[in-house]
$ cat run24.txt   # compact mmCIF, C-alpha atoms and all ligand atoms
# COMPACT_ATOMS: atom_id res chain seq x y z
CA MET A 236 -8.00 -11.24 25.44
CA ASP A 237 -4.42 -11.52 26.82
CA LYS A 238 -2.39 -8.32 26.81
CA VAL A 239 1.33 -7.67 26.27
CA THR A 240 3.46 -4.60 26.90
CA LEU A 241 6.12 -3.50 24.44
CA ASN A 242 8.23 -0.45 23.79
CA ILE A 243 8.01 1.40 20.47
CA ASP A 244 10.35 4.37 20.00
CA GLY A 245 10.61 4.76 23.79
CA LEU A 246 6.85 4.62 24.36
CA GLU A 247 5.43 1.80 26.53
CA VAL A 248 2.28 0.46 24.89
CA VAL A 249 -0.15 -2.25 25.98
CA THR A 250 -1.85 -4.24 23.24
CA ASP A 251 -3.72 -7.48 22.53
CA LYS A 252 -1.49 -10.53 22.24
CA GLU A 253 -2.99 -11.51 18.86
CA THR A 254 -1.80 -8.48 16.93
CA THR A 255 1.22 -7.24 15.00
CA VAL A 256 3.87 -4.59 15.58
CA LEU A 257 2.52 -2.44 12.71
CA GLN A 258 -1.08 -2.58 13.91
CA THR A 259 0.01 -1.72 17.47
CA ALA A 260 2.12 1.22 16.30
CA LEU A 261 -0.69 2.63 14.14
CA ASN A 262 -3.25 2.14 16.92
CA ASN A 263 -1.00 4.22 19.17
CA GLY A 264 -0.46 7.05 16.69
CA ILE A 265 3.04 5.93 15.69
CA TYR A 266 3.49 6.13 11.91
CA ILE A 267 5.37 3.39 10.09
CA PRO A 268 5.38 3.78 6.27
CA HIS A 269 3.27 1.14 4.51
CA LEU A 270 1.42 0.66 1.22
CA CYS A 271 0.09 -2.90 1.15
CA TYR A 272 -1.36 -3.10 4.66
CA HIS A 273 -5.12 -2.82 5.24
CA PRO A 274 -6.64 -3.64 8.66
CA ASP A 275 -9.34 -5.89 7.14
CA LEU A 276 -6.92 -8.02 5.09
CA LYS A 277 -4.30 -10.61 5.97
CA PRO A 278 -0.88 -8.87 5.81
CA THR A 279 1.09 -9.82 2.71
CA GLY A 280 4.27 -7.78 3.27
CA VAL A 281 4.70 -7.19 -0.46
CA CYS A 282 5.64 -3.50 -0.29
CA ARG A 283 8.57 -4.12 2.10
CA LEU A 284 8.28 -0.59 3.52
CA CYS A 285 7.07 -1.21 7.08
CA MET A 286 10.37 -2.54 8.31
CA VAL A 287 11.52 -1.74 11.85
CA ASP A 288 14.49 -2.52 14.08
CA LEU A 289 13.76 -5.32 16.52
CA ASP A 290 16.69 -6.02 18.84
CA GLY A 291 19.15 -5.06 16.09
CA LYS A 292 17.40 -7.05 13.36
CA VAL A 293 15.36 -5.56 10.51
CA VAL A 294 11.88 -7.12 10.34
CA ILE A 295 8.67 -6.45 8.43
CA SER A 296 6.36 -5.05 11.10
CA CYS A 297 3.04 -6.04 9.42
CA ARG A 298 3.99 -9.72 9.72
CA THR A 299 5.68 -9.61 13.13
CA PRO A 300 3.45 -10.63 16.06
CA VAL A 301 3.89 -8.62 19.25
CA GLU A 302 5.65 -10.21 22.23
CA GLN A 303 5.95 -9.20 25.86
CA GLY A 304 8.95 -6.88 26.45
CA MET A 305 9.79 -6.25 22.78
CA VAL A 306 11.83 -3.13 22.05
CA VAL A 307 11.02 -1.72 18.61
CA LYS A 308 12.58 1.23 16.81
CA THR A 309 10.69 2.50 13.77
CA ARG A 310 13.86 4.17 12.46
CA SER A 311 17.57 3.30 12.55
CA PRO A 312 20.40 3.87 10.05
CA VAL A 313 19.88 0.39 8.56
CA VAL A 314 16.08 0.59 8.52
CA ASP A 315 16.22 4.04 6.88
CA MET A 316 18.71 2.87 4.26
CA VAL A 317 16.76 -0.28 3.27
CA ARG A 318 13.44 1.57 3.25
CA ARG A 319 14.90 4.35 1.09
CA ILE A 320 16.21 1.86 -1.47
CA ASN A 321 12.81 0.12 -1.65
CA ILE A 322 10.87 3.35 -2.03
CA GLU A 323 13.28 4.78 -4.63
CA ILE A 324 12.87 1.67 -6.81
CA LEU A 325 9.12 2.03 -6.50
CA VAL A 326 9.10 5.75 -7.27
CA ALA A 327 11.46 5.27 -10.23
CA ASN A 328 8.82 2.98 -11.74
CA HIS A 329 5.90 5.26 -10.93
CA HIS A 330 4.49 8.18 -12.90
CA VAL A 331 4.85 10.80 -10.19
CA THR A 332 2.55 13.45 -11.62
CA CYS A 333 0.78 14.36 -8.40
CA ARG A 334 -0.65 17.61 -9.67
CA GLY A 335 -4.02 16.65 -11.12
CA CYS A 336 -3.78 13.04 -9.92
CA PRO A 337 -7.08 11.81 -8.41
CA GLY A 338 -5.15 10.33 -5.48
CA SER A 339 -3.38 13.55 -4.53
CA GLY A 340 -3.95 14.62 -0.94
CA ARG A 341 -4.95 11.16 0.33
CA CYS A 342 -2.18 9.19 -1.35
CA ALA A 343 -0.06 6.89 0.84
CA LEU A 344 2.88 7.13 -1.59
CA GLN A 345 2.88 10.93 -1.42
CA LYS A 346 2.95 10.67 2.38
CA ILE A 347 5.86 8.23 2.33
CA MET A 348 7.85 10.35 -0.15
CA ALA A 349 7.45 13.33 2.17
CA TYR A 350 8.38 11.24 5.24
CA ILE A 351 11.54 9.87 3.61
CA ARG A 352 12.25 13.17 1.83
CA ILE A 353 12.61 11.63 -1.57
CA ASP A 354 14.55 13.78 -4.02
CA ARG A 355 12.32 13.37 -7.07
CA LYS A 356 14.92 14.79 -9.48
CA ARG A 357 17.52 12.27 -8.33
CA VAL A 358 15.06 9.39 -8.56
CA ARG A 359 13.95 10.53 -12.03
CA ARG A 360 17.49 9.79 -13.26
CA LEU A 361 17.04 6.16 -12.13
CA ARG A 362 13.84 5.81 -14.13
CA PRO A 363 14.03 3.11 -16.80
CA ALA A 364 12.91 4.17 -20.28
CA LYS A 365 9.35 2.96 -20.20
CA GLU A 366 6.32 3.57 -22.34
CA GLU A 367 3.24 4.99 -20.69
CA LEU A 368 0.67 2.21 -20.38
CA PRO A 369 -2.86 2.97 -21.56
CA LEU A 370 -5.63 3.69 -19.07
CA ASP A 371 -7.95 0.67 -18.71
CA ASN A 372 -11.52 1.97 -18.86
CA SER A 373 -13.21 -1.39 -19.50
CA ASN A 374 -14.97 -1.46 -16.12
CA PRO A 375 -18.28 0.45 -16.13
CA PHE A 376 -17.67 1.87 -12.66
CA PHE A 377 -14.01 2.83 -12.46
CA ASP A 378 -10.89 3.35 -14.59
CA TYR A 379 -7.51 1.81 -13.84
CA ASP A 380 -4.23 3.64 -14.41
CA PRO A 381 -1.43 1.02 -14.43
CA ASN A 382 1.18 3.80 -14.43
CA LYS A 383 0.08 4.79 -10.91
CA CYS A 384 -0.43 1.25 -9.56
CA VAL A 385 2.09 0.26 -6.86
CA LEU A 386 1.07 -3.44 -7.02
CA CYS A 387 0.09 -3.45 -3.36
CA GLU A 388 -2.50 -6.25 -3.97
CA ILE A 389 -5.11 -4.56 -1.75
CA CYS A 390 -7.77 -4.37 -4.49
CA VAL A 391 -7.24 -8.00 -5.55
CA HIS A 392 -7.49 -9.36 -2.00
CA THR A 393 -10.48 -7.09 -1.29
CA CYS A 394 -12.30 -8.38 -4.38
CA GLU A 395 -11.41 -12.00 -3.49
CA LYS A 396 -13.76 -11.68 -0.53
CA ILE A 397 -16.60 -10.18 -2.61
CA GLN A 398 -16.63 -11.39 -6.22
CA ASP A 399 -13.14 -12.78 -6.87
CA GLY A 400 -13.11 -10.80 -10.11
CA LEU A 401 -9.90 -8.76 -10.02
CA LYS A 402 -6.67 -10.60 -10.80
CA PHE A 403 -3.04 -9.80 -11.54
CA VAL A 404 -1.64 -10.38 -15.01
CA GLY A 405 1.94 -10.01 -16.28
CA ARG A 406 5.30 -10.12 -14.52
CA GLY A 407 7.60 -7.73 -12.67
CA TYR A 408 6.88 -4.06 -13.30
CA SER A 409 4.65 -4.98 -16.26
CA THR A 410 2.20 -6.56 -13.82
CA LYS A 411 -1.25 -4.98 -13.74
CA ILE A 412 -4.72 -5.81 -12.52
CA THR A 413 -7.52 -6.95 -14.80
CA PHE A 414 -11.05 -8.35 -14.89
CA PHE A 415 -9.95 -10.53 -17.81
CA GLY A 416 -12.51 -8.78 -19.98
CA ASP A 417 -15.42 -9.84 -17.77
CA SER A 418 -16.48 -6.75 -15.87
CA SER A 419 -19.97 -8.23 -15.41
CA ARG A 420 -18.54 -9.91 -12.29
CA CYS A 421 -18.06 -6.48 -10.72
CA GLU A 422 -20.69 -5.72 -8.05
CA SER A 423 -19.88 -1.97 -8.16
CA CYS A 424 -19.39 -2.03 -4.39
CA GLY A 425 -16.49 0.42 -4.75
CA GLU A 426 -14.40 -1.23 -2.01
CA CYS A 427 -11.34 -1.66 -4.26
CA VAL A 428 -11.50 1.99 -5.30
CA ALA A 429 -11.92 3.18 -1.70
CA ARG A 430 -9.01 1.06 -0.47
CA CYS A 431 -6.50 1.80 -3.26
CA PRO A 432 -3.75 3.67 -1.38
CA VAL A 433 -2.75 5.74 -4.44
CA GLY A 434 -4.50 7.26 -7.45
CA ALA A 435 -4.63 4.10 -9.60
CA LEU A 436 -8.36 3.30 -9.35
CA ILE A 437 -10.52 6.22 -10.37
CA PRO A 438 -14.33 6.21 -10.11
CA LYS A 439 -16.05 7.13 -13.34
CA GLU A 440 -17.99 10.34 -13.10
CA ASP A 441 -21.52 10.08 -11.71
CA VAL A 442 -21.07 6.50 -10.46
CA VAL A 443 -22.89 5.67 -7.22
CA PHE A 444 -21.34 2.57 -5.70
CA GLN A 445 -23.61 -0.17 -4.27
CA GLU A 446 -23.42 -1.50 -0.71
CA SER A 447 -20.89 -4.32 -0.46
CA PRO A 448 -22.64 -7.71 -0.01
CA GLY A 449 -20.10 -8.96 2.54
S1 LIG A 501 -0.57 8.09 -7.12
FE1 LIG A 501 0.13 9.38 -5.41
S2 LIG A 501 2.33 9.67 -5.74
FE2 LIG A 501 1.44 8.89 -7.65
S3 LIG A 501 1.02 10.71 -8.84
FE3 LIG A 501 -0.88 10.21 -7.73
S4 LIG A 501 -0.74 11.41 -5.82
FE4 LIG A 501 1.31 11.37 -6.72
S1 LIG A 502 -4.87 -0.62 -8.26
FE1 LIG A 502 -4.45 0.35 -6.26
S2 LIG A 502 -5.10 -1.18 -4.75
FE2 LIG A 502 -4.88 -2.25 -6.73
S3 LIG A 502 -2.80 -3.10 -6.72
FE3 LIG A 502 -2.74 -1.09 -7.77
S4 LIG A 502 -2.21 0.37 -6.14
FE4 LIG A 502 -2.91 -1.49 -5.12
$ encode --input "run24.txt" --output "structure tokens"
Amino acid sequence: MDKVTLNIDGLEVVTDKETTVLQTALNNGIYIPHLCYHPDLKPTGVCRLCMVDLDGKVVISCRTPVEQGMVVKTRSPVVDMVRRINIEILVANHHVTCRGCPGSGRCALQKIMAYIRIDRKRVRRLRPAKEELPLDNSNPFFDYDPNKCVLCEICVHTCEKIQDGLKFVGRGYSTKITFFGDSSRCESCGECVARCPVGALIPKEDVVFQESPG
């Protein structure tokens, strides 16, 4: 496979031509905040957090193919400002109760909040008055907490490849995922639960997930 050389934060890296800036950075131990990216799925760019500076322009790194000689900065005043706005909107609409959350410790949102140094008290003041949505426990293998869901789409696109059972329903911040009442389509492979970057999909106690068919 053809190779290209690019510069990320002053580090020269060599990578395959058919890859993206985000993938190259992560492969080389350079962290760029992201929620909706998964290496086995086509990048959607919905979380808008993986932006970088490319020759003075802000671009979404998960959807930017690498090119020979590129100079990428993972942080800049503009990148930091835009990323902070995006993450604050997300956190303001999220039930940040990390203590006791099943995602705590492995949660991508927790990591990003620490990286950006989110002031939770300040963000709490931006929070719209919103009712807590009920936990969806209709699936026999896992529960779904819509209050913790960051709408990254990873579970839906993962399930598309297996059973095409999970779908989105609703609009804006009322959007949530559902099996439309037909959990019999679920293969209990557990891939959606394993890939959820936060604590929104919670395995029911004593569930042993099956091997994924594909
Ligand atoms: S999903 Fe992540 S950020 Fe949200 S409460 Fe759980 S651990 Fe905290
Ligand atoms: S349940 Fe998890 S994986 Fe699915 S959209 Fe919500 S945050 Fe993403």
$ closest_residue --input "run24.txt" --among "A:Ser311, A:Ala349, A:Lys411, A:Glu247" --to "Glu388 (chain A)" --atoms "only C-alpha atoms"
A:Lys411
$ atom_distance --input "run24.txt" --atom1 "CA of Asp315 (chain A)" --atom2 "CA of His269 (chain A)"
13.5 Å
$ residues_near_ligand --input "run24.txt" --ligand "ligand LIG 501 (chain A)" --cutoff "6 Å" --atoms "only C-alpha atoms and all ligand atoms" --output "list of chain:residue names"
A:His330, A:Val331, A:Thr332, A:Cys333, A:Cys336, A:Gly338, A:Ser339, A:Cys342, A:Leu344, A:Gln345, A:Lys383, A:Val433, A:Gly434
$ residues_around --input "run24.txt" --residues "Asn263 (chain A)" --least-positions-apart "6" --cutoff "12 Å" --atoms "only C-alpha atoms" --output "ChimeraX atom specification"
/A:241-244,246-250,256-257
$ closest_atom_pairs --input "run24.txt" --of "chain A" --to "ligand LIG 502 (chain A)" --cutoff "9 Å" --atoms "all atoms listed in the file" --output "tab-separated table"
residue	atom	partner	partner_atom	distance
A:Leu270	CA	A:LIG502	FE4	8.0
A:Cys271	CA	A:LIG502	FE4	7.1
A:Tyr379	CA	A:LIG502	S1	6.6
A:Asp380	CA	A:LIG502	S1	7.5
A:Pro381	CA	A:LIG502	FE3	7.1
A:Lys383	CA	A:LIG502	S4	6.9
A:Cys384	CA	A:LIG502	FE3	3.7
A:Val385	CA	A:LIG502	S4	4.4
A:Leu386	CA	A:LIG502	S3	3.9
A:Cys387	CA	A:LIG502	FE4	4.0
A:Glu388	CA	A:LIG502	S3	4.2
A:Ile389	CA	A:LIG502	S2	4.5
A:Cys390	CA	A:LIG502	S2	4.2
A:Val391	CA	A:LIG502	FE2	6.3
A:His392	CA	A:LIG502	FE2	8.9
A:Thr393	CA	A:LIG502	S2	8.7
A:Leu401	CA	A:LIG502	FE2	8.9
A:Phe403	CA	A:LIG502	S3	8.3
A:Lys411	CA	A:LIG502	FE3	7.3
A:Ile412	CA	A:LIG502	S3	6.7
A:Cys427	CA	A:LIG502	S2	6.3
A:Val428	CA	A:LIG502	S2	7.2
A:Ala429	CA	A:LIG502	S2	8.7
A:Arg430	CA	A:LIG502	S2	6.2
A:Cys431	CA	A:LIG502	S2	3.6
A:Pro432	CA	A:LIG502	FE1	5.9
A:Val433	CA	A:LIG502	S4	5.7
A:Gly434	CA	A:LIG502	FE1	7.0
A:Ala435	CA	A:LIG502	S1	4.9
A:Leu436	CA	A:LIG502	S1	5.4
$ write_last_selection --input "run24.txt" --atoms "C-alpha atoms" --output "compact mmCIF listing (two decimals), in the coordinates of the input"
# COMPACT_ATOMS: atom_id res chain seq x y z
CA LEU A 270 1.42 0.66 1.22
CA CYS A 271 0.09 -2.90 1.15
CA TYR A 379 -7.51 1.81 -13.84
CA ASP A 380 -4.23 3.64 -14.41
CA PRO A 381 -1.43 1.02 -14.43
CA LYS A 383 0.08 4.79 -10.91
CA CYS A 384 -0.43 1.25 -9.56
CA VAL A 385 2.09 0.26 -6.86
CA LEU A 386 1.07 -3.44 -7.02
CA CYS A 387 0.09 -3.45 -3.36
CA GLU A 388 -2.50 -6.25 -3.97
CA ILE A 389 -5.11 -4.56 -1.75
CA CYS A 390 -7.77 -4.37 -4.49
CA VAL A 391 -7.24 -8.00 -5.55
CA HIS A 392 -7.49 -9.36 -2.00
CA THR A 393 -10.48 -7.09 -1.29
CA LEU A 401 -9.90 -8.76 -10.02
CA PHE A 403 -3.04 -9.80 -11.54
CA LYS A 411 -1.25 -4.98 -13.74
CA ILE A 412 -4.72 -5.81 -12.52
CA CYS A 427 -11.34 -1.66 -4.26
CA VAL A 428 -11.50 1.99 -5.30
CA ALA A 429 -11.92 3.18 -1.70
CA ARG A 430 -9.01 1.06 -0.47
CA CYS A 431 -6.50 1.80 -3.26
CA PRO A 432 -3.75 3.67 -1.38
CA VAL A 433 -2.75 5.74 -4.44
CA GLY A 434 -4.50 7.26 -7.45
CA ALA A 435 -4.63 4.10 -9.60
CA LEU A 436 -8.36 3.30 -9.35
$ atom_distance --input "run24.txt" --atom1 "CA of Pro438 (chain A)" --atom2 "CA of Ser423 (chain A)"
10.1 Å
$ closest_residue --input "run24.txt" --among "A:Val294, A:Leu368, A:Met348, A:Ile437" --to "Ala327 (chain A)" --atoms "all atoms listed in the file"
A:Met348
$ closest_residue --input "run24.txt" --among "A:Gly425, A:Pro278, A:Pro300, A:Pro268" --to "Pro375 (chain A)" --atoms "all atoms listed in the file"
A:Gly425
$ closest_residue --input "run24.txt" --among "A:Ile347, A:Ile397, A:Ile322, A:Ala260" --to "Arg283 (chain A)" --atoms "only C-alpha atoms"
A:Ile322
$ atom_distance --input "run24.txt" --atom1 "CA of Gln398 (chain A)" --atom2 "CA of Glu426 (chain A)"
11.2 Å
$ closest_residue --input "run24.txt" --among "A:Leu370, A:Ile265, A:Ile353, A:Leu361" --to "Val307 (chain A)" --atoms "all atoms listed in the file"
A:Ile265
$ closest_residue --input "run24.txt" --among "A:Leu289, A:Val281, A:Val306, A:Cys297" --to "Leu261 (chain A)" --atoms "only C-alpha atoms"
A:Cys297
$ build_atoms --input "run24.txt" --residues "region 274-299 of chain A" --atoms "N, CA and C atoms" --output "PDB file, in the coordinates of the input"
ATOM      1  N   PRO A 274      -6.258  -2.935   7.431  1.00  0.00           N
ATOM      2  CA  PRO A 274      -6.640  -3.640   8.660  1.00  0.00           C
ATOM      3  C   PRO A 274      -7.605  -4.795   8.461  1.00  0.00           C
ATOM      4  N   ASP A 275      -8.363  -4.811   7.357  1.00  0.00           N
ATOM      5  CA  ASP A 275      -9.340  -5.890   7.140  1.00  0.00           C
ATOM      6  C   ASP A 275      -8.770  -7.047   6.319  1.00  0.00           C
ATOM      7  N   LEU A 276      -7.510  -6.966   5.929  1.00  0.00           N
ATOM      8  CA  LEU A 276      -6.920  -8.020   5.090  1.00  0.00           C
ATOM      9  C   LEU A 276      -5.726  -8.657   5.784  1.00  0.00           C
ATOM     10  N   LYS A 277      -5.474  -9.920   5.422  1.00  0.00           N
ATOM     11  CA  LYS A 277      -4.300 -10.610   5.970  1.00  0.00           C
ATOM     12  C   LYS A 277      -3.038  -9.907   5.441  1.00  0.00           C
ATOM     13  N   PRO A 278      -2.074  -9.588   6.306  1.00  0.00           N
ATOM     14  CA  PRO A 278      -0.880  -8.870   5.810  1.00  0.00           C
ATOM     15  C   PRO A 278      -0.095  -9.724   4.818  1.00  0.00           C
ATOM     16  N   THR A 279       0.313  -9.100   3.721  1.00  0.00           N
ATOM     17  CA  THR A 279       1.090  -9.820   2.710  1.00  0.00           C
ATOM     18  C   THR A 279       2.575  -9.442   2.760  1.00  0.00           C
ATOM     19  N   GLY A 280       2.863  -8.222   3.202  1.00  0.00           N
ATOM     20  CA  GLY A 280       4.270  -7.780   3.270  1.00  0.00           C
ATOM     21  C   GLY A 280       4.895  -7.497   1.926  1.00  0.00           C
ATOM     22  N   VAL A 281       4.093  -7.329   0.865  1.00  0.00           N
ATOM     23  CA  VAL A 281       4.700  -7.190  -0.460  1.00  0.00           C
ATOM     24  C   VAL A 281       5.412  -5.854  -0.671  1.00  0.00           C
ATOM     25  N   CYS A 282       5.009  -4.799   0.013  1.00  0.00           N
ATOM     26  CA  CYS A 282       5.640  -3.500  -0.290  1.00  0.00           C
ATOM     27  C   CYS A 282       6.997  -3.344   0.390  1.00  0.00           C
ATOM     28  N   ARG A 283       7.270  -4.130   1.411  1.00  0.00           N
ATOM     29  CA  ARG A 283       8.570  -4.120   2.100  1.00  0.00           C
ATOM     30  C   ARG A 283       8.956  -2.729   2.622  1.00  0.00           C
ATOM     31  N   LEU A 284       7.977  -1.946   3.031  1.00  0.00           N
ATOM     32  CA  LEU A 284       8.280  -0.590   3.520  1.00  0.00           C
ATOM     33  C   LEU A 284       8.120  -0.445   5.025  1.00  0.00           C
ATOM     34  N   CYS A 285       7.404  -1.382   5.658  1.00  0.00           N
ATOM     35  CA  CYS A 285       7.070  -1.210   7.080  1.00  0.00           C
ATOM     36  C   CYS A 285       8.122  -1.830   7.991  1.00  0.00           C
ATOM     37  N   MET A 286       9.345  -1.911   7.490  1.00  0.00           N
ATOM     38  CA  MET A 286      10.370  -2.540   8.310  1.00  0.00           C
ATOM     39  C   MET A 286      10.715  -1.681   9.536  1.00  0.00           C
ATOM     40  N   VAL A 287      11.110  -2.378  10.603  1.00  0.00           N
ATOM     41  CA  VAL A 287      11.520  -1.740  11.850  1.00  0.00           C
ATOM     42  C   VAL A 287      12.732  -2.487  12.401  1.00  0.00           C
ATOM     43  N   ASP A 288      13.367  -1.877  13.391  1.00  0.00           N
ATOM     44  CA  ASP A 288      14.490  -2.520  14.080  1.00  0.00           C
ATOM     45  C   ASP A 288      13.950  -3.228  15.317  1.00  0.00           C
ATOM     46  N   LEU A 289      14.191  -4.529  15.365  1.00  0.00           N
ATOM     47  CA  LEU A 289      13.760  -5.320  16.520  1.00  0.00           C
ATOM     48  C   LEU A 289      14.996  -6.000  17.092  1.00  0.00           C
ATOM     49  N   ASP A 290      15.476  -5.484  18.210  1.00  0.00           N
ATOM     50  CA  ASP A 290      16.690  -6.020  18.840  1.00  0.00           C
ATOM     51  C   ASP A 290      17.837  -6.140  17.836  1.00  0.00           C
ATOM     52  N   GLY A 291      18.022  -5.090  17.028  1.00  0.00           N
ATOM     53  CA  GLY A 291      19.150  -5.060  16.090  1.00  0.00           C
ATOM     54  C   GLY A 291      18.887  -5.760  14.771  1.00  0.00           C
ATOM     55  N   LYS A 292      17.721  -6.392  14.641  1.00  0.00           N
ATOM     56  CA  LYS A 292      17.400  -7.050  13.360  1.00  0.00           C
ATOM     57  C   LYS A 292      16.322  -6.253  12.635  1.00  0.00           C
ATOM     58  N   VAL A 293      16.391  -6.250  11.291  1.00  0.00           N
ATOM     59  CA  VAL A 293      15.360  -5.560  10.510  1.00  0.00           C
ATOM     60  C   VAL A 293      14.259  -6.562  10.200  1.00  0.00           C
ATOM     61  N   VAL A 294      13.026  -6.225  10.596  1.00  0.00           N
ATOM     62  CA  VAL A 294      11.880  -7.120  10.340  1.00  0.00           C
ATOM     63  C   VAL A 294      10.746  -6.331   9.699  1.00  0.00           C
ATOM     64  N   ILE A 295       9.861  -7.059   9.029  1.00  0.00           N
ATOM     65  CA  ILE A 295       8.670  -6.450   8.430  1.00  0.00           C
ATOM     66  C   ILE A 295       7.596  -6.383   9.516  1.00  0.00           C
ATOM     67  N   SER A 296       7.211  -5.181   9.909  1.00  0.00           N
ATOM     68  CA  SER A 296       6.360  -5.050  11.100  1.00  0.00           C
ATOM     69  C   SER A 296       4.934  -5.561  10.888  1.00  0.00           C
ATOM     70  N   CYS A 297       4.433  -5.591   9.635  1.00  0.00           N
ATOM     71  CA  CYS A 297       3.040  -6.040   9.420  1.00  0.00           C
ATOM     72  C   CYS A 297       2.916  -7.548   9.608  1.00  0.00           C
ATOM     73  N   ARG A 298       4.050  -8.258   9.580  1.00  0.00           N
ATOM     74  CA  ARG A 298       3.990  -9.720   9.720  1.00  0.00           C
ATOM     75  C   ARG A 298       4.705 -10.191  10.993  1.00  0.00           C
ATOM     76  N   THR A 299       4.992  -9.239  11.887  1.00  0.00           N
ATOM     77  CA  THR A 299       5.680  -9.610  13.130  1.00  0.00           C
ATOM     78  C   THR A 299       4.711  -9.517  14.307  1.00  0.00           C
TER      79      THR A 299
END
